[in-house]
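All remarks here apply to the structure that follows.
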Amino acid sequence: MAQVEATTERIVAATPEAAFGTLADYAHARKELLPEQYSEYEVREGGAGAGTLVHWKLQATSKRVRDCLLEVTEPSPGQLVEKDRNSTMVTTWTVTPAGEGKAKVVVSTTWSGATGIGGFFERTFAPKGLNRIHDQVLANLAAHVEK
């Protein structure tokens, strides 16, 4: 299987602490950031950063819905990692300073893709679709923290 990756980034007009705190707040803020492609959002354990277990369904296309059960870790300051118990999907959120009162937020998702012709199409089109979804999450994050 080939590794598939989708990466999106945005500079937000907020401190890195505010941006990270909003992303790590699975109990309240995170749900508000998710666009219509997400459904059945539920925090099952924790709710604040590492130790959180969160569930949602992600409808990447009209025919493709992923049932995600994500374990959250914080391997280093400013970084959240969401590992899906139901697949090989791993999403990493990294927040770093980007000048006075600004933060750079990078979201990167990887998973083991299909092989053959299906894998070719997955590697070609899935990252673009996921990047559009992540870009909306980042736009919602910016709107939330820039209030």
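By order in the structure tokens, chains are A, B, ...; within a chain, residues start at 1; ligands start at 1, following the order shown.
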Please identify the alpha helix (DSSP H) residues within segment 2-131 of chain A (assignment by DSSP from backbone atoms) and present them as a PyMOL selection string.
chain A and resi 16-24+29-33+116-131
Work out how far atom CA of Val107 of chain A is from atom CA of Leu70 of chain A, in Å to one decimal.
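Interatomic distance here is 15.1 Å.
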Looking at A:Pro16, A:Gly21, A:Val54, A:Gln136, which one is nearest to Gly101 of chain A, with distances taken over only C-alpha atoms?
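Among the listed residues, A:Pro16 lies closest to Gly101 of chain A.
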Atomic separation - atom CA of Thr15 of chain A relative to atom CA of Ala103 of chain A, Å:
5.7 Å
Report, in Å to a single decimal, how far apart atom CA of Trp111 of chain A and atom CA of Arg85 of chain A are.
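Pair atom CA of Arg85 of chain A / atom CA of Trp111 of chain A returns 12.1 Å.
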What are the DSSP strand (DSSP E) residues of segment 21-123 of chain A, as a ChimeraX atom specification?
/A:38-45,53-59,65-73,79-84,90-97,103-112
Contacts of Ser62 of chain A within 12 Å, only C-alpha atoms, excl. fewer than 4 positions in-chain, as a PyMOL selection string:
chain A and resi 37+58+66+129
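Closest to Val95 of chain A among A:Ala142, A:Leu69, A:Ala19, A:Val81 is A:Ala19, based on only C-alpha atoms.
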With a distance cut-off of 12 Å and only C-alpha atoms, select the neighbouring residues of Val65 of chain A, excluding the residue or stretch itself and same-chain residues fewer than 6 positions from it, and output the selection as a list in words.
Gln37, Tyr38, Ser39, Glu40, Trp56, Lys57, Leu58 and Gln59 of chain A
Give me the residues within 12 Å of Ser76 of chain A as a PyMOL selection string, counting only C-alpha atoms and dropping any in the same chain fewer than 6 places off.
chain A and resi 49-50+92-96
